[in-house]
Every structure is written in structure tokens, then in C-alpha cells.
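*Asks:* Below you'll find final-v6.txt; it's compact mmCIF, C-alpha atoms and all ligand atoms.
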```txt
# COMPACT_ATOMS: atom_id res chain seq x y z
CA MET A 1 -69.81 -137.37 115.19
CA GLY A 2 -70.91 -134.16 113.61
CA ARG A 3 -68.90 -132.53 110.88
CA PRO A 4 -67.18 -129.93 113.17
CA THR A 5 -66.08 -132.67 115.59
CA LEU A 6 -64.56 -134.64 112.71
CA LEU A 7 -62.58 -131.61 111.54
CA VAL A 8 -61.23 -131.02 115.07
CA ALA A 9 -60.20 -134.71 115.33
CA VAL A 10 -58.38 -134.54 111.99
CA ALA A 11 -56.63 -131.33 113.06
CA ILE A 12 -55.49 -132.88 116.38
CA LEU A 13 -54.28 -136.01 114.55
CA SER A 14 -52.33 -133.87 112.07
CA VAL A 15 -50.61 -131.92 114.84
CA PHE A 16 -49.80 -135.19 116.63
CA LEU A 17 -48.30 -136.69 113.47
CA TRP A 18 -46.36 -133.50 112.75
CA MET A 19 -44.82 -133.45 116.24
CA PHE A 20 -44.03 -137.10 116.88
CA VAL A 21 -43.54 -138.92 113.60
CA PRO A 22 -40.11 -138.43 112.03
CA PHE A 23 -40.39 -135.96 109.24
CA ASN A 24 -38.77 -138.12 106.59
CA LEU A 25 -41.30 -140.88 107.31
CA LEU A 26 -44.13 -138.42 106.75
CA ASN A 27 -42.41 -137.21 103.68
CA GLN A 28 -42.25 -140.70 102.33
CA HIS A 29 -45.89 -141.52 103.01
CA LEU A 30 -47.59 -138.17 102.77
CA PRO A 31 -46.18 -136.65 99.60
CA TRP A 32 -48.37 -133.54 99.86
CA LEU A 33 -46.30 -132.47 102.88
CA ARG A 34 -43.11 -132.26 100.84
CA THR A 35 -41.67 -128.86 100.34
CA PRO A 36 -41.31 -128.14 96.65
CA GLU A 37 -37.77 -128.73 95.38
CA LYS A 38 -35.79 -125.66 94.57
CA PRO A 39 -35.26 -125.29 90.86
CA GLN A 40 -31.63 -126.10 89.94
CA GLU A 41 -29.62 -122.97 89.56
CA GLN A 42 -28.48 -122.78 85.99
CA THR A 43 -26.76 -119.61 85.11
CA ALA A 44 -24.88 -120.55 82.00
CA SER A 45 -25.71 -124.17 81.24
CA PRO A 46 -28.46 -125.37 78.95
CA PRO A 47 -31.17 -127.76 80.21
CA ARG A 48 -29.56 -130.92 81.42
CA PRO A 49 -30.40 -134.25 79.82
CA ALA A 50 -32.97 -136.52 81.45
CA PRO A 51 -31.47 -138.31 84.46
CA SER A 52 -30.99 -141.70 82.85
CA LYS A 53 -27.91 -143.76 83.69
CA LYS A 54 -26.22 -142.79 80.44
CA ALA A 55 -27.08 -139.13 80.74
CA GLU A 56 -25.76 -139.01 84.29
CA LYS A 57 -22.30 -139.64 82.90
CA LEU A 58 -22.69 -136.62 80.66
CA SER A 59 -24.35 -134.34 83.18
CA ALA A 60 -21.19 -132.28 83.74
CA LYS A 61 -20.97 -131.50 80.04
CA VAL A 62 -22.48 -128.70 78.04
CA GLU A 63 -23.48 -128.51 74.41
CA VAL A 64 -21.50 -126.03 72.35
CA PRO A 65 -21.98 -125.47 68.63
CA PHE A 66 -18.85 -125.88 66.54
CA ARG A 67 -17.70 -125.11 63.02
CA LYS A 68 -14.95 -126.66 60.95
CA GLU A 69 -12.37 -124.19 59.66
CA ASP A 70 -9.84 -125.77 57.28
CA GLY A 71 -10.72 -129.17 58.67
CA VAL A 72 -10.20 -128.04 62.27
CA ILE A 73 -13.03 -128.04 64.85
CA THR A 74 -13.39 -124.49 66.22
CA PHE A 75 -15.63 -122.84 68.82
CA ARG A 76 -16.86 -119.30 69.11
CA LEU A 77 -15.16 -117.78 72.14
CA SER A 78 -18.33 -116.00 73.26
CA ASP A 79 -20.10 -119.40 73.43
CA LEU A 80 -17.27 -120.83 75.53
CA LYS A 81 -17.31 -117.80 77.80
CA GLU A 82 -20.98 -118.31 78.53
CA LYS A 83 -20.92 -122.07 78.87
CA LEU A 84 -17.55 -122.77 80.49
CA ARG A 85 -17.41 -119.63 82.64
CA ILE A 86 -14.12 -118.42 81.27
CA ASP A 87 -13.06 -114.86 80.65
CA TYR A 88 -11.23 -113.45 77.71
CA ASP A 89 -9.78 -110.27 76.36
CA TYR A 90 -8.74 -109.51 72.81
CA ASP A 91 -6.30 -106.68 72.14
CA ALA A 92 -7.10 -106.00 68.49
CA LYS A 93 -4.13 -103.67 68.03
CA GLU A 94 -1.56 -106.24 69.11
CA GLY A 95 -3.55 -109.22 67.86
CA LEU A 96 -3.20 -110.67 71.37
CA LEU A 97 -5.85 -112.93 72.89
CA THR A 98 -5.82 -113.83 76.58
CA ILE A 99 -8.18 -116.41 78.08
CA ARG A 100 -8.52 -116.70 81.83
CA GLN A 101 -10.07 -119.35 84.00
CA GLY A 102 -9.06 -119.22 87.66
CA LYS A 103 -5.32 -119.59 87.84
CA VAL A 104 -5.04 -120.63 84.19
CA HIS A 105 -3.97 -117.87 81.87
CA LEU A 106 -3.73 -118.72 78.18
CA THR A 107 -2.28 -116.41 75.55
CA MET A 108 -2.56 -116.70 71.79
CA LEU A 109 -1.57 -114.42 68.96
CA ARG A 110 -3.38 -113.72 65.72
CA GLU A 111 -1.94 -115.67 62.75
CA THR A 112 0.70 -117.18 65.03
CA PRO A 113 0.44 -120.92 65.80
CA VAL A 114 1.49 -120.97 69.46
CA LEU A 115 -0.32 -121.40 72.75
CA SER A 116 1.11 -120.26 76.07
CA ARG A 117 -0.29 -121.41 79.40
CA ASN A 118 0.88 -119.38 82.38
CA GLY A 119 3.97 -118.30 80.44
CA VAL A 120 4.92 -121.82 79.34
CA TYR A 121 4.32 -122.83 75.71
CA LEU A 122 2.40 -126.01 75.01
CA PRO A 123 3.22 -128.28 72.06
CA VAL A 124 0.02 -127.22 70.32
CA GLU A 125 -0.38 -125.63 66.90
CA ALA A 126 -3.28 -123.24 67.28
CA TYR A 127 -4.13 -119.63 66.65
CA PRO A 128 -7.29 -117.60 67.09
CA ILE A 129 -9.41 -116.97 64.01
CA ILE A 130 -10.55 -113.36 64.03
CA ARG A 131 -13.31 -112.36 61.65
CA LYS A 132 -15.63 -109.38 61.83
CA GLY A 133 -15.68 -109.14 65.58
CA GLU A 134 -16.05 -112.89 66.01
CA ILE A 135 -13.21 -114.84 67.61
CA ARG A 136 -12.96 -118.60 67.20
CA ILE A 137 -10.44 -120.95 68.80
CA PRO A 138 -9.59 -124.53 67.85
CA SER A 139 -10.82 -127.41 69.98
CA VAL A 140 -7.25 -128.34 70.94
CA VAL A 141 -7.00 -125.13 72.98
CA VAL A 142 -10.03 -126.19 75.03
CA GLU A 143 -8.58 -129.68 75.49
CA GLU A 144 -4.91 -128.95 76.12
CA GLY A 145 -5.08 -125.38 77.36
CA LEU A 146 -8.19 -125.54 79.53
CA GLY A 147 -8.02 -129.27 80.32
CA ARG A 148 -11.57 -130.15 79.17
CA GLN A 149 -12.66 -133.29 77.40
CA VAL A 150 -14.40 -132.51 74.12
CA GLU A 151 -16.76 -134.99 72.43
CA ILE A 152 -17.77 -134.14 68.90
CA ARG A 153 -21.35 -135.05 67.93
CA ASP A 154 -23.13 -134.42 64.62
CA GLU A 155 -24.67 -131.08 65.52
CA TYR A 156 -22.65 -129.87 68.49
CA ALA A 157 -19.78 -130.70 70.81
CA LEU A 158 -20.10 -131.85 74.40
CA ILE A 159 -17.55 -130.07 76.57
CA GLU A 160 -16.90 -130.66 80.24
CA GLN A 161 -17.89 -127.70 82.37
CA ASN A 162 -14.90 -128.17 84.60
CA ALA A 163 -11.31 -129.10 83.84
CA SER A 164 -10.56 -132.80 84.25
CA VAL A 165 -7.96 -133.69 81.66
CA PRO A 166 -4.54 -133.59 83.27
CA VAL A 167 -2.84 -130.83 81.36
CA MET A 168 0.90 -130.79 80.78
CA ALA A 169 2.58 -131.16 84.14
CA GLU A 170 3.37 -127.76 85.52
CA PRO A 171 6.38 -127.92 87.78
CA LYS A 172 6.73 -125.39 90.52
CA ARG A 173 7.27 -121.93 89.12
CA LEU A 174 10.73 -120.62 89.91
CA GLU A 175 11.70 -117.15 91.01
CA VAL A 176 13.21 -115.33 88.02
CA PRO A 177 16.28 -113.27 88.92
CA LYS A 178 15.54 -109.69 87.93
CA GLY A 179 18.38 -107.24 87.59
CA ASP A 180 20.78 -109.80 89.09
CA ALA A 181 23.40 -110.72 86.47
CA ARG A 182 25.02 -113.46 88.55
CA GLY A 183 21.58 -114.93 89.33
CA LEU A 184 20.54 -114.90 85.68
CA ILE A 185 23.79 -116.57 84.59
CA ASP A 186 23.16 -119.33 87.16
CA TYR A 187 19.53 -119.64 86.13
CA LEU A 188 20.43 -120.06 82.46
CA SER A 189 23.60 -122.10 82.99
CA PHE A 190 22.03 -125.17 81.34
CA LEU A 191 22.00 -123.41 77.95
CA ASP A 192 24.68 -123.59 75.26
CA THR A 193 25.50 -121.93 71.94
CA PRO A 194 22.93 -122.16 69.07
CA ILE A 195 25.73 -122.41 66.44
CA ARG A 196 28.78 -124.61 66.94
CA GLY A 197 31.97 -122.58 67.15
CA ALA A 198 30.17 -119.23 67.08
CA ARG A 199 30.60 -116.53 69.72
CA VAL A 200 28.30 -113.76 70.93
CA SER A 201 28.57 -110.95 68.37
CA THR A 202 31.29 -108.36 68.70
CA LYS A 203 28.75 -105.68 67.70
CA ASP A 204 26.51 -104.19 70.37
CA SER A 205 23.84 -103.58 67.73
CA HIS A 206 23.39 -107.39 67.48
CA LEU A 207 22.57 -107.75 71.17
CA PRO A 208 19.20 -107.71 72.92
CA GLY A 209 18.07 -104.22 73.82
CA ALA A 210 20.02 -102.58 70.97
CA PRO A 211 18.07 -99.64 69.56
CA ARG A 212 16.12 -100.12 66.34
CA PRO A 213 14.37 -97.39 64.36
CA TYR A 214 11.28 -99.62 64.06
CA ARG A 215 9.73 -102.61 65.83
CA ASN A 216 9.03 -100.79 69.09
CA GLY A 217 12.54 -99.33 69.01
CA VAL A 218 14.32 -102.32 70.51
CA HIS A 219 16.08 -105.42 69.21
CA GLU A 220 14.65 -108.34 71.17
CA GLY A 221 17.26 -111.02 70.65
CA LEU A 222 20.84 -111.88 69.78
CA ASP A 223 22.04 -111.95 66.15
CA TYR A 224 24.68 -114.28 64.76
CA PHE A 225 26.09 -112.82 61.54
CA SER A 226 29.11 -114.08 59.60
CA TRP A 227 32.44 -113.00 61.15
CA THR A 228 30.97 -110.81 63.89
CA SER A 229 30.39 -114.21 65.54
CA ARG A 230 33.96 -115.41 64.82
CA ILE A 231 32.99 -117.99 62.19
CA SER A 232 31.62 -117.88 58.65
CA ILE A 233 27.82 -118.17 58.69
CA ASP A 234 25.60 -118.84 55.67
CA SER A 235 22.53 -120.84 54.68
CA ARG A 236 24.42 -124.11 55.22
CA THR A 237 25.19 -123.30 58.85
CA PRO A 238 23.27 -125.65 61.19
CA VAL A 239 21.32 -124.11 64.07
CA ILE A 240 21.23 -126.33 67.15
CA ALA A 241 19.01 -126.51 70.23
CA VAL A 242 20.50 -124.52 73.13
CA ALA A 243 19.20 -127.11 75.62
CA ASP A 244 16.95 -130.17 75.92
CA GLY A 245 13.33 -129.26 75.38
CA VAL A 246 10.09 -129.73 73.48
CA VAL A 247 9.40 -128.16 70.08
CA VAL A 248 6.38 -125.87 70.37
CA ARG A 249 6.59 -124.28 66.95
CA ALA A 250 8.11 -125.31 63.62
CA ASP A 251 7.13 -123.30 60.53
CA HIS A 252 7.56 -126.02 57.92
CA ASP A 253 4.90 -124.41 55.72
CA TYR A 254 6.37 -120.92 55.92
CA GLN A 255 5.82 -118.80 52.80
CA GLU A 256 8.22 -115.91 52.28
CA MET A 257 6.52 -112.53 52.04
CA SER A 258 6.73 -110.43 48.90
CA GLU A 259 8.34 -107.00 49.30
CA ALA A 260 4.92 -105.37 48.90
CA GLU A 261 3.42 -107.59 51.58
CA ARG A 262 6.27 -106.91 53.97
CA ASN A 263 6.01 -103.15 53.39
CA ARG A 264 2.27 -103.29 54.01
CA TYR A 265 2.88 -104.93 57.38
CA LEU A 266 5.55 -102.36 58.29
CA GLN A 267 3.09 -99.66 57.28
CA ILE A 268 0.53 -100.99 59.78
CA GLY A 269 3.31 -100.84 62.36
CA SER A 270 4.16 -97.22 61.63
CA GLN A 271 0.46 -96.25 61.74
CA ASN A 272 0.34 -97.71 65.20
CA GLY A 273 2.53 -94.94 66.63
CA GLY A 274 5.75 -96.89 66.03
CA GLN A 275 4.43 -99.74 68.17
CA THR A 276 4.63 -102.65 65.76
CA PRO A 277 1.78 -105.02 66.70
CA GLN A 278 3.00 -108.32 68.09
CA TYR A 279 1.49 -110.43 65.31
CA ILE A 280 3.36 -108.31 62.75
CA LEU A 281 6.62 -108.57 64.70
CA ASP A 282 6.14 -112.31 64.41
CA LYS A 283 6.05 -112.07 60.60
CA MET A 284 9.35 -110.16 60.68
CA ARG A 285 10.98 -113.13 62.42
CA GLY A 286 10.42 -115.30 59.36
CA ARG A 287 10.60 -119.08 59.43
CA SER A 288 10.97 -119.98 63.09
CA VAL A 289 11.43 -122.85 65.51
CA TRP A 290 10.50 -122.36 69.16
CA ILE A 291 11.62 -124.74 71.89
CA GLN A 292 10.25 -124.81 75.42
CA HIS A 293 12.84 -125.80 78.02
CA GLU A 294 12.76 -126.41 81.75
CA LYS A 295 12.49 -123.55 84.26
CA GLY A 296 10.09 -121.67 81.97
CA VAL A 297 12.84 -120.89 79.45
CA LEU A 298 11.82 -120.51 75.80
CA SER A 299 14.31 -120.28 72.91
CA ARG A 300 13.27 -118.97 69.49
CA TYR A 301 15.38 -119.51 66.35
CA CYS A 302 14.34 -117.03 63.66
CA HIS A 303 14.94 -116.15 59.95
CA LEU A 304 15.74 -119.82 59.19
CA SER A 305 16.19 -120.93 55.56
CA ARG A 306 15.12 -124.49 56.32
CA ILE A 307 13.83 -126.53 59.24
CA HIS A 308 15.14 -130.02 59.85
CA GLY A 309 12.50 -132.60 58.81
CA ASP A 310 12.43 -134.27 62.26
CA ILE A 311 11.64 -131.05 64.03
CA THR A 312 7.88 -131.10 64.52
CA VAL A 313 5.63 -129.68 67.23
CA GLY A 314 5.68 -131.98 70.25
CA LYS A 315 9.07 -133.53 69.48
CA LYS A 316 11.52 -133.78 72.36
CA VAL A 317 14.94 -132.49 71.35
CA LYS A 318 18.34 -132.81 72.96
CA LYS A 319 20.82 -130.02 73.46
CA GLY A 320 22.94 -129.71 70.30
CA GLU A 321 20.34 -131.35 68.02
CA VAL A 322 20.03 -129.62 64.61
CA VAL A 323 16.74 -127.74 64.35
CA GLY A 324 17.36 -125.98 61.02
CA TYR A 325 19.69 -123.78 59.00
CA VAL A 326 20.54 -120.09 59.04
CA GLY A 327 18.62 -117.90 56.58
CA ASN A 328 17.15 -114.45 56.04
CA SER A 329 13.42 -115.28 55.95
CA GLY A 330 11.18 -112.48 57.17
CA THR A 331 13.86 -109.82 56.53
CA SER A 332 13.97 -107.26 53.70
CA ASP A 333 16.66 -109.42 52.02
CA GLY A 334 14.42 -112.45 52.29
CA ALA A 335 11.52 -110.56 50.73
CA LYS A 336 13.87 -109.59 47.85
CA ARG A 337 14.80 -113.28 47.45
CA SER A 338 18.46 -112.30 47.82
CA ASN A 339 21.18 -114.21 49.64
CA ALA A 340 22.31 -111.18 51.62
CA GLY A 341 21.90 -110.68 55.34
CA MET A 342 21.97 -114.36 56.36
CA HIS A 343 21.91 -114.56 60.14
CA LEU A 344 20.40 -116.33 63.10
CA HIS A 345 18.27 -114.32 65.48
CA LEU A 346 18.02 -116.08 68.86
CA ASP A 347 15.45 -115.00 71.45
CA LEU A 348 15.35 -116.11 75.07
CA PHE A 349 12.38 -115.68 77.41
CA ILE A 350 11.57 -116.92 80.89
CA TYR A 351 7.85 -117.54 81.56
CA GLY A 352 7.09 -115.36 78.54
CA GLU A 353 9.05 -112.39 79.89
CA TRP A 354 11.85 -110.51 78.20
CA LEU A 355 14.98 -110.75 80.35
CA TRP A 356 17.01 -107.69 79.51
CA ASP A 357 15.16 -104.63 80.80
CA ASP A 358 17.10 -104.33 84.04
CA PHE A 359 20.59 -104.66 82.56
CA THR A 360 23.07 -102.30 80.92
CA PRO A 361 24.45 -103.22 77.46
CA ALA A 362 27.74 -104.29 79.09
CA GLU A 363 25.89 -106.55 81.55
CA ARG A 364 23.83 -108.07 78.74
CA ARG A 365 27.00 -108.92 76.84
CA HIS A 366 28.63 -110.38 79.94
CA ILE A 367 25.57 -112.52 80.74
CA LEU A 368 25.23 -113.86 77.18
CA GLN A 369 28.94 -114.61 76.86
CA SER A 370 28.94 -116.39 80.22
CA ILE A 371 26.05 -118.62 79.17
CA LEU A 372 26.59 -119.22 75.45
CA ASP A 373 30.35 -118.93 74.84
CA ARG A 374 31.62 -121.56 77.24
ZN ZN A 401 17.83 -109.92 65.18
```
Mind turning this structure into C-alpha cells?
Ligand SMILES: [Zn+2]
*Replies:*
Amino acid sequence: MGRPTLLVAVAILSVFLWMFVPFNLLNQHLPWLRTPEKPQEQTASPPRPAPSKKAEKLSAKVEVPFRKEDGVITFRLSDLKEKLRIDYDYDAKEGLLTIRQGKVHLTMLRETPVLSRNGVYLPVEAYPIIRKGEIRIPSVVVEEGLGRQVEIRDEYALIEQNASVPVMAEPKRLEVPKGDARGLIDYLSFLDTPIRGARVSTKDSHLPGAPRPYRNGVHEGLDYFSWTSRISIDSRTPVIAVADGVVVRADHDYQEMSEAERNRYLQIGSQNGGQTPQYILDKMRGRSVWIQHEKGVLSRYCHLSRIHGDITVGKKVKKGEVVGYVGNSGTSDGAKRSNAGMHLHLDLFIYGEWLWDDFTPAERRHILQSILDR
């Protein structure tokens, strides 16, 4: 056979093989026929570890640098955004950080140790650390808020790319009655008074929605002062949980502001066009306990003089359990270290929303009396 004949024979054989031999068989035996594998699409993840048995287990994790801040593992939010495909937005004026990942919506507030997930507060003490345009969040937010396992190594942390940790059970979200007094009374009927024997204040200025010359112009909660609430109230008056729930905030380490400090914060508020930033409003509430209840209801007990020793973040409390004692922390009297102005400020929210916008002052009074004065 001459050289041309040989080439023709090889060509015919190749075509024959191509047409009649199953492709995968060819692939197995004739590696040069394989189509090159597509490179793995890797938008945000670093090179994956070699495919050993051990590494396979870790393949869904990404390396993220961390830094310890006051003994707490923290991550830079921009790193997490890139590697975990989350989104975030920081409102520097309000001090409000929102992190989004699909249907999960986390909110955190500067200098305020609470974490809300879709309007429900988690028993997690964490706040964003804001420094020169860099935002860091503690590891616990990634674990509890975003449901990712975090493994700390010497140089970096390994974080799951997708949520796997079952986060706090989220019962079906209920419809919140808006502008429907009867509906709201029913919705909140499982609540009770925060001070035994006390009644909703006789003064309209102590009710939610009452005008204020500062703090965004509106009083957010309900105040219990001595005698306007029927009974004598002072720093020995116990404050009790309005319903069963889980403690999500307890400021045991609260430090009272000096007058100068407090005025400086109020100054920032007035420079902000009368819109006191949310993180500064939080300072004005003083030593606080927050309890998350069923149906998305949150109760906040503010200006406390003391917090009961058992009340710690994550503790389950029963309705009527003592959470702390009335005080004036966070107020101008508190800053003066005086005993004047002792009162409880009670806030109620449903799924993080203020309840009182759609009601008249008379309706607000009626609703609160129906729920708390039974
Ligand atoms: Zn108040």
C-alpha cells in the first residue's frame, strides 16, 4: 500500500468508528477525541481545593479573612458580599445596616446590640463595627442570621457558600391588622401590663404618637410615671414581661451618659434636620431589655435602673417574670444622676413596625387600655 492509500484507509476507519461505536466508548479509549472540559464558572469564589476526599467535604465553603475585635471574630462586609453573594446597604445617617440574601433580610444598628431577621429579633448580641468606610460584622451574624456554618482556621475562616444551618424556626408570618382597632386588640390580646397594678397613663402626652419637640417629633411608646398610672412608681418598682418570650437584649453593662455626652448626641440629632438618627434614639432609651414574643411582637422596656440578674440574651421568660426595675437611665435626669423623672417607657412593635400610625389618640388609648389594663 502506498502512503495515499494508507491515509484513505485510516480516514474511512475513523469515519466508521465515529458513526458506529458508542461515543462514550471512544471517549474512554481515544482520549484525544474528548472535548475539552469547560472551565468551572467561578464568579465570586476563590480557587477550590484539590478534589481529595477531605477537600470534597469543604468544596462548598469559601475562605474569608477575619479579624478579632474585642475577642470577637468579625468579617469585612465587602468580603462577605463578594464571597457569599449577599447584598447590603448602610444608611450612615441613621446608623442602619441592612443585609439581604434572597428572602432573608437582616437589620442591625450601629452601637446597638440587636439583630433582626425579617422583622423578628434573634437572641444574638451583635452590632456592626463602622470605621472609616469599612463595615465589619461579627461571625454570629453569619451563623445565626444567614444560617452558614463558620469554621475558624489560623489565617482565615471557612464559610459555607449557601445557608445550611437551620436558623431559628420562622413560623408563618401573620397579617398585621392596620388601622383596625378591634383587630389589633385581638392580635395583642395575649399581652398584659408591664407593672403590676399600674394603668395606662391618664395623660395623652405619655401615649404613643404624642408630639415631642425632638426625636423625630413623636413619642414612640407608652410611659408609666408615678400616679398618672394610678400607683406610686419609683426605682424599686419591678417591671415584668408583658408575655412569654425570649430575651433578645439586656443591657447589663449599660453606662449612664454624662450630660455633655447626652447633649452632644442631641446636637447630632438637631443637625440632622430634627430627624434624630436611630442609633442616637437608642441611647436616649437608656438601659433596656427587649423581649421577642410570638406573632412577631417585640416589647422594649426602657430607662431601667437595674436589670434582673437572670435576664440574659437567649433566656426564655414567662409572662409576669421580673425583667428589671424602673429608672431614668438615658434621660436628662439620668445624665444628671438625679432621682427625678423615674418612669418606664414601654414600646411595642409587630415585625419591626410601629403600630400607631393609623389610629387617633383616642383609639390608641382605647387599644392600650383594652390590652394592658385588664
Ligand atoms: Zn417615653
*Asks:* Neighbours of ligand ZN 401 (chain A) within 9 Å, counting all atoms listed in the file, as JSON, numbers by chain?
*Replies:* {"A": [206, 207, 208, 219, 220, 221, 222, 223, 224, 285, 302, 303, 343, 344, 345, 346, 347]}
*Asks:* For A:Ile86, which of A:Ala241, A:Val142, A:Ala340, A:Val247 is the closest residue, counting all atoms listed in the file?
*Replies:* A:Val142
*Asks:* Could you pull the residues within 6 Å of stretch 193-203 of chain A, counting all atoms listed in the file, minus those fewer than 4 positions along the same chain, as an MDAnalysis selection string?
*Replies:* chainID A and resid 228:231 239:242 372:373
*Asks:* So that I can check the surroundings of A:Asp89, please list as a count of residues only every protein, DNA and RNA residue that reaches within 12 Å of it, counting only C-alpha atoms and ignoring chain neighbours fewer than 4 positions away.
*Replies:* 17
*Asks:* Between atom CA of A:Lys83 and atom CA of A:Val62, measure the distance and give it in Å to one decimal.
*Replies:*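 Straight-line distance from atom CA of A:Lys83 to atom CA of A:Val62 works out to 6.9 Å.
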*Asks:* Nearest residue to A:Asp358 out of A:Gly330, A:Gly209, A:Gly217, A:Gly320, using only C-alpha atoms?
*Replies:*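 Ranked by minimum distance to A:Asp358, first place goes to A:Gly209.
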*Asks:* How many Å lie between atom CA of A:Ser258 and atom CA of A:Ala335, rounded to one decimal?
*Replies:*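 Atom CA of A:Ala335 lies 5.1 Å from atom CA of A:Ser258.
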*Asks:* So the first atom is atom CA of A:Met284 and the second is atom CA of A:Ile185; what is the distance between them in Å, to one decimal place?
*Replies:*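 Between atom CA of A:Met284 and atom CA of A:Ile185 the gap works out to 28.7 Å.
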*Asks:* At a cut-off of 8 Å, using all atoms listed in the file, what residues contact A:Val104? Leave out same-chain residues fewer than 5 positions from it and give the result as a VMD selection string.
*Replies:* chain A and resid 117 to 118 146
*Asks:* Looking at A:Pro238, A:Pro361, A:Gly352, A:Pro128, which one is nearest to A:His308, with distances taken over all atoms listed in the file?
*Replies:*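 So, comparing all the options, the nearest one is A:Pro238.
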*Asks:* From the set A:Arg182, A:Arg374, A:Lys283, A:Arg364, which residue has the shortest atom-to-atom contact distance to A:Ser332, counting only C-alpha atoms?
*Replies:*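 Of all the options, A:Lys283 lies closest to A:Ser332.
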*Asks:* Ranking A:Gly296, A:Asp333, A:Ala362, A:Ser235 by minimum distance to A:Glu175 and counting only C-alpha atoms, which one comes first?
*Replies:*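 Result for the nearest residue to A:Glu175: A:Gly296.
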*Asks:* If you count only C-alpha atoms, which residues fall within 12 Å of stretch 172-174 of chain A, apart from same-chain ones fewer than 5 positions away, as a short mmCIF file (atom, residue, chain, number, x, y, z; two decimals) with C-alpha atoms, in the coordinates of the input?
*Replies:*
```cif
data_model
loop_
_atom_site.label_atom_id
_atom_site.label_comp_id
_atom_site.auth_asym_id
_atom_site.auth_seq_id
_atom_site.Cartn_x
_atom_site.Cartn_y
_atom_site.Cartn_z
CA ASN A 118 0.88 -119.38 82.38
CA GLY A 119 3.97 -118.30 80.44
CA VAL A 120 4.92 -121.82 79.34
CA TYR A 187 19.53 -119.64 86.13
CA GLU A 294 12.76 -126.41 81.75
CA LYS A 295 12.49 -123.55 84.26
CA GLY A 296 10.09 -121.67 81.97
CA VAL A 297 12.84 -120.89 79.45
CA ILE A 350 11.57 -116.92 80.89
CA TYR A 351 7.85 -117.54 81.56
#
```
*Asks:* Select, from A:Glu151, A:Asp244, A:Glu144, A:Glu134, the residue with the minimum atom-to-atom distance to A:Tyr121, counting all atoms listed in the file.
*Replies:* A:Glu144
*Asks:* Put the listed atoms of stretch 291-310 of chain A in a box along x, y and z with 4 Å added on every side and give me the centre and edge lengths in Å to one decimal, as AutoDock Vina command-line options.
*Replies:*
```
--center_x 13.1 --center_y -125.2 --center_z 69.9 --size_x 14.1 --size_y 26.1 --size_z 36.7
```
*Asks:* Neighbouring residues of A:Ala126 were defined as those with any atom within 10 Å, considering all atoms listed in the file; residues of the same chain fewer than 6 positions away were excluded. Please report them as an MDAnalysis selection string.
*Replies:* chainID A and resid 72 108:115 137:141 249
